[in-house]
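Report on the structure given below.
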Amino acid sequence: MTTDERPEPPLVGDERATLDGFLDFHRATLAWKCAGLSDEQLRERAVPPSSMSLLGLVRHMADVERGWFRNCVGQEDAPALYFSETDRDGEFDNVDTADVAEAFASWQAEIEHARKLVAALPSYDATGTGKTRTYSVRWIVTHMIEEYARHNGHADLLRERIDGVTGE
């Protein structure tokens, strides 16, 4: 892996700085776990029957960012990028010929859009409405930290399987 240049969350900060800091740390962790690998290595699957790969995780997180921030917080009508009602695991299953650069660019674009949406809000008390519920932005950001943390654990195992590299 490349040098660890992930942003450290503040040790002392208000709620917004702390939660934003942890979310950015976990976003950077997934990128760090993917750094320095070839397209073929990023496509490598975990173990059968799982279709999970590092590229699949990047595509999945692009769709997760998009769903929570564009659709729920921003009230946009943004369809998923990589899965559909008829292809529920498309972000993981369809990586064999996927454009790696496009996936990483889409993921980064969703992150930047999410940052702008959240930064424009007066506080984490703001809400977003999903298909059936209303959520505070505080809940959404906390959920995103949990989502990244869980998938970064998967990324740890995938990376170690690919080339033996480990790291926090």
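Within each chain, counting starts at residue 1; across the structure tokens, chains are named A, B, ... in the order shown, with ligands numbered 1 upward in that order.
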
So which bits of chain A end up strand (DSSP E or B) when you DSSP the backbone, as JSON, numbers by chain? {"A": [127, 128, 129, 134, 135, 136]}

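Once A:Lys116 and its same-chain neighbours fewer than 5 positions away are set aside, Asp20, Phe69, Arg70, Val73, Gly74, Ala109, Glu110, Ile111 and Leu121 of chain A remain within 12 Å of it when counting only C-alpha atoms.
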
How about saving the chosen residues, N, CA and C atoms kept, as a PDB file, in the first residue's frame?
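Below you can see out.pdb, which holds the result:
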ATOM      1  N   ASP A  20     -17.714  14.422  10.786  1.00  0.00           N
ATOM      2  CA  ASP A  20     -17.170  14.609   9.434  1.00  0.00           C
ATOM      3  C   ASP A  20     -15.761  14.035   9.349  1.00  0.00           C
ATOM      4  N   PHE A  69     -27.169  10.568   0.522  1.00  0.00           N
ATOM      5  CA  PHE A  69     -26.979  12.012   0.439  1.00  0.00           C
ATOM      6  C   PHE A  69     -27.768  12.661  -0.698  1.00  0.00           C
ATOM      7  N   ARG A  70     -27.666  12.164  -1.904  1.00  0.00           N
ATOM      8  CA  ARG A  70     -28.428  12.781  -2.996  1.00  0.00           C
ATOM      9  C   ARG A  70     -29.935  12.576  -2.798  1.00  0.00           C
ATOM     10  N   VAL A  73     -30.993  13.186   1.714  1.00  0.00           N
ATOM     11  CA  VAL A  73     -30.721  14.544   2.208  1.00  0.00           C
ATOM     12  C   VAL A  73     -31.078  15.584   1.145  1.00  0.00           C
ATOM     13  N   GLY A  74     -30.619  15.389  -0.073  1.00  0.00           N
ATOM     14  CA  GLY A  74     -30.829  16.376  -1.129  1.00  0.00           C
ATOM     15  C   GLY A  74     -32.162  16.286  -1.834  1.00  0.00           C
ATOM     16  N   ALA A 109     -16.917  11.541  -6.895  1.00  0.00           N
ATOM     17  CA  ALA A 109     -17.921  12.569  -7.202  1.00  0.00           C
ATOM     18  C   ALA A 109     -19.078  12.511  -6.207  1.00  0.00           C
ATOM     19  N   GLU A 110     -19.490  11.320  -5.825  1.00  0.00           N
ATOM     20  CA  GLU A 110     -20.565  11.188  -4.837  1.00  0.00           C
ATOM     21  C   GLU A 110     -20.115  11.701  -3.473  1.00  0.00           C
ATOM     22  N   ILE A 111     -18.873  11.428  -3.108  1.00  0.00           N
ATOM     23  CA  ILE A 111     -18.334  11.936  -1.840  1.00  0.00           C
ATOM     24  C   ILE A 111     -18.327  13.458  -1.850  1.00  0.00           C
ATOM     25  N   LEU A 121     -25.813  22.609   5.256  1.00  0.00           N
ATOM     26  CA  LEU A 121     -26.881  22.485   6.255  1.00  0.00           C
ATOM     27  C   LEU A 121     -26.542  23.276   7.513  1.00  0.00           C
TER      28      LEU A 121
END

If we count only C-alpha atoms and set the cut-off at 9 Å, which residues sit around stretch 12-17 of chain A, ignoring sequence neighbours fewer than 5 positions away in its own chain? Please answer as number ranges by chain. A: 22, 123-124, 138

With a distance cut-off of 7 Å and only C-alpha atoms, select the neighbouring residues of A:Pro9, excluding the residue or stretch itself and same-chain residues fewer than 5 positions from it, and output the selection as a list in words.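 The neighbour list is Thr18, Gly21, Phe22 and Phe25 of chain A.
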
Write the selection just made, keeping C-alpha atoms, as a PDB file, in the first residue's frame?
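And here's out.pdb as it stands now:
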ATOM      1  CA  THR A  18     -15.749  14.926  14.777  1.00  0.00           C
ATOM      2  CA  GLY A  21     -13.602  13.731  10.429  1.00  0.00           C
ATOM      3  CA  PHE A  22     -14.425  10.082  11.109  1.00  0.00           C
ATOM      4  CA  PHE A  25     -11.094   8.966   7.634  1.00  0.00           C
TER       5      PHE A  25
END

From stretch 33-79 of chain A, collect each residue whose DSSP state is alpha helix (DSSP H) and return the set as an MDAnalysis selection string. chainID A and resid 33:34 39:43 54:65

Find the spatial neighbours of stretch 37-42 of chain A, counting only C-alpha atoms, within a cut-off of 10 Å - ignore same-chain residues fewer than 6 positions away - and output them as number ranges by chain. A: 1, 53-58, 95-101, 158-159, 162-163

Would you put the residues from that selection into a file with N, CA and C atoms, as a PDB file, in the first residue's frame?
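Contents of out-v2.pdb, freshly written:
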ATOM      1  N   MET A   1       0.839  -1.178   0.000  1.00  0.00           N
ATOM      2  CA  MET A   1       0.000   0.000   0.000  1.00  0.00           C
ATOM      3  C   MET A   1       0.881   1.236   0.000  1.00  0.00           C
ATOM      4  N   SER A  53     -15.453  -7.859  -3.997  1.00  0.00           N
ATOM      5  CA  SER A  53     -14.113  -7.469  -4.431  1.00  0.00           C
ATOM      6  C   SER A  53     -13.896  -6.029  -3.975  1.00  0.00           C
ATOM      7  N   LEU A  54     -12.656  -5.576  -4.026  1.00  0.00           N
ATOM      8  CA  LEU A  54     -12.397  -4.182  -3.687  1.00  0.00           C
ATOM      9  C   LEU A  54     -13.110  -3.247  -4.649  1.00  0.00           C
ATOM     10  N   LEU A  55     -13.102  -3.558  -5.929  1.00  0.00           N
ATOM     11  CA  LEU A  55     -13.822  -2.736  -6.903  1.00  0.00           C
ATOM     12  C   LEU A  55     -15.317  -2.750  -6.602  1.00  0.00           C
ATOM     13  N   GLY A  56     -15.847  -3.897  -6.247  1.00  0.00           N
ATOM     14  CA  GLY A  56     -17.252  -3.985  -5.872  1.00  0.00           C
ATOM     15  C   GLY A  56     -17.573  -3.114  -4.668  1.00  0.00           C
ATOM     16  N   LEU A  57     -16.661  -3.087  -3.691  1.00  0.00           N
ATOM     17  CA  LEU A  57     -16.871  -2.228  -2.524  1.00  0.00           C
ATOM     18  C   LEU A  57     -16.888  -0.753  -2.904  1.00  0.00           C
ATOM     19  N   VAL A  58     -15.998  -0.356  -3.793  1.00  0.00           N
ATOM     20  CA  VAL A  58     -15.974   1.043  -4.250  1.00  0.00           C
ATOM     21  C   VAL A  58     -17.289   1.382  -4.955  1.00  0.00           C
ATOM     22  N   VAL A  95     -18.295  -6.733 -12.073  1.00  0.00           N
ATOM     23  CA  VAL A  95     -17.013  -6.028 -12.069  1.00  0.00           C
ATOM     24  C   VAL A  95     -16.010  -6.569 -13.092  1.00  0.00           C
ATOM     25  N   ASP A  96     -16.295  -7.705 -13.702  1.00  0.00           N
ATOM     26  CA  ASP A  96     -15.315  -8.334 -14.588  1.00  0.00           C
ATOM     27  C   ASP A  96     -14.890  -7.436 -15.743  1.00  0.00           C
ATOM     28  N   THR A  97     -15.802  -6.652 -16.266  1.00  0.00           N
ATOM     29  CA  THR A  97     -15.473  -5.743 -17.372  1.00  0.00           C
ATOM     30  C   THR A  97     -15.723  -4.288 -17.002  1.00  0.00           C
ATOM     31  N   ALA A  98     -15.954  -4.030 -15.721  1.00  0.00           N
ATOM     32  CA  ALA A  98     -16.246  -2.668 -15.269  1.00  0.00           C
ATOM     33  C   ALA A  98     -15.040  -1.762 -15.475  1.00  0.00           C
ATOM     34  N   ASP A  99     -15.317  -0.510 -15.750  1.00  0.00           N
ATOM     35  CA  ASP A  99     -14.289   0.509 -15.921  1.00  0.00           C
ATOM     36  C   ASP A  99     -13.850   0.976 -14.533  1.00  0.00           C
ATOM     37  N   VAL A 100     -12.646   0.602 -14.153  1.00  0.00           N
ATOM     38  CA  VAL A 100     -12.141   0.896 -12.810  1.00  0.00           C
ATOM     39  C   VAL A 100     -12.024   2.405 -12.588  1.00  0.00           C
ATOM     40  N   ALA A 101     -11.456   3.107 -13.549  1.00  0.00           N
ATOM     41  CA  ALA A 101     -11.293   4.559 -13.395  1.00  0.00           C
ATOM     42  C   ALA A 101     -12.646   5.242 -13.240  1.00  0.00           C
ATOM     43  N   LEU A 158      -9.681  -8.614   2.002  1.00  0.00           N
ATOM     44  CA  LEU A 158      -9.461  -8.725   0.562  1.00  0.00           C
ATOM     45  C   LEU A 158      -8.034  -8.338   0.198  1.00  0.00           C
ATOM     46  N   ARG A 159      -7.560  -7.226   0.745  1.00  0.00           N
ATOM     47  CA  ARG A 159      -6.216  -6.759   0.420  1.00  0.00           C
ATOM     48  C   ARG A 159      -5.163  -7.776   0.891  1.00  0.00           C
ATOM     49  N   ILE A 162      -5.077 -10.612  -1.518  1.00  0.00           N
ATOM     50  CA  ILE A 162      -4.528 -10.271  -2.832  1.00  0.00           C
ATOM     51  C   ILE A 162      -2.992 -10.233  -2.819  1.00  0.00           C
ATOM     52  N   ASP A 163      -2.425  -9.499  -1.870  1.00  0.00           N
ATOM     53  CA  ASP A 163      -0.966  -9.347  -1.904  1.00  0.00           C
ATOM     54  C   ASP A 163      -0.287  -9.427  -0.542  1.00  0.00           C
TER      55      ASP A 163
END

Which residue gives the smallest distance to A:Glu160 among A:Glu5, A:Ser106, A:Glu44, A:Glu146, with only C-alpha atoms counted?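 Answer, going by the shortest atom-to-atom distance: A:Glu44.
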
How many Å lie between atom CA of A:Thr2 and atom CA of A:Arg43, rounded to one decimal? 18.9 Å

Each stretch 23-104 of chain A residue no farther than 7 Å from stretch 151-155 of chain A, nearest pair in Å, only C-alpha atoms, as CSV:
residue,atom,partner,partner_atom,distance
A:Thr29,CA,A:Asn152,CA,6.9
A:Leu30,CA,A:Asn152,CA,5.9
A:Lys33,CA,A:Ala155,CA,6.3
A:Leu54,CA,A:Ala155,CA,6.2

Near-stretch 79-89 of chain A list (8 Å; only C-alpha atoms; drop same-chain fewer than 5 positions) as a ChimeraX atom specification: /A:59-60,62-63,66-67

For N, CA and C atoms, I'd like the residues from the last selection saved as a PDB file, in the first residue's frame.
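This went into again16.pdb:
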ATOM      1  N   ARG A  59     -17.733   0.508  -5.825  1.00  0.00           N
ATOM      2  CA  ARG A  59     -18.990   0.739  -6.536  1.00  0.00           C
ATOM      3  C   ARG A  59     -20.175   0.757  -5.559  1.00  0.00           C
ATOM      4  N   HIS A  60     -20.154  -0.138  -4.600  1.00  0.00           N
ATOM      5  CA  HIS A  60     -21.207  -0.190  -3.588  1.00  0.00           C
ATOM      6  C   HIS A  60     -21.251   1.115  -2.793  1.00  0.00           C
ATOM      7  N   ALA A  62     -20.176   4.027  -3.670  1.00  0.00           N
ATOM      8  CA  ALA A  62     -20.660   5.124  -4.527  1.00  0.00           C
ATOM      9  C   ALA A  62     -22.183   5.156  -4.491  1.00  0.00           C
ATOM     10  N   ASP A  63     -22.803   3.984  -4.593  1.00  0.00           N
ATOM     11  CA  ASP A  63     -24.263   3.922  -4.551  1.00  0.00           C
ATOM     12  C   ASP A  63     -24.815   4.235  -3.168  1.00  0.00           C
ATOM     13  N   ARG A  66     -24.610   7.960  -2.735  1.00  0.00           N
ATOM     14  CA  ARG A  66     -25.631   8.542  -3.616  1.00  0.00           C
ATOM     15  C   ARG A  66     -27.025   8.413  -3.006  1.00  0.00           C
ATOM     16  N   GLY A  67     -27.329   7.234  -2.504  1.00  0.00           N
ATOM     17  CA  GLY A  67     -28.653   7.000  -1.940  1.00  0.00           C
ATOM     18  C   GLY A  67     -28.940   7.851  -0.719  1.00  0.00           C
TER      19      GLY A  67
END
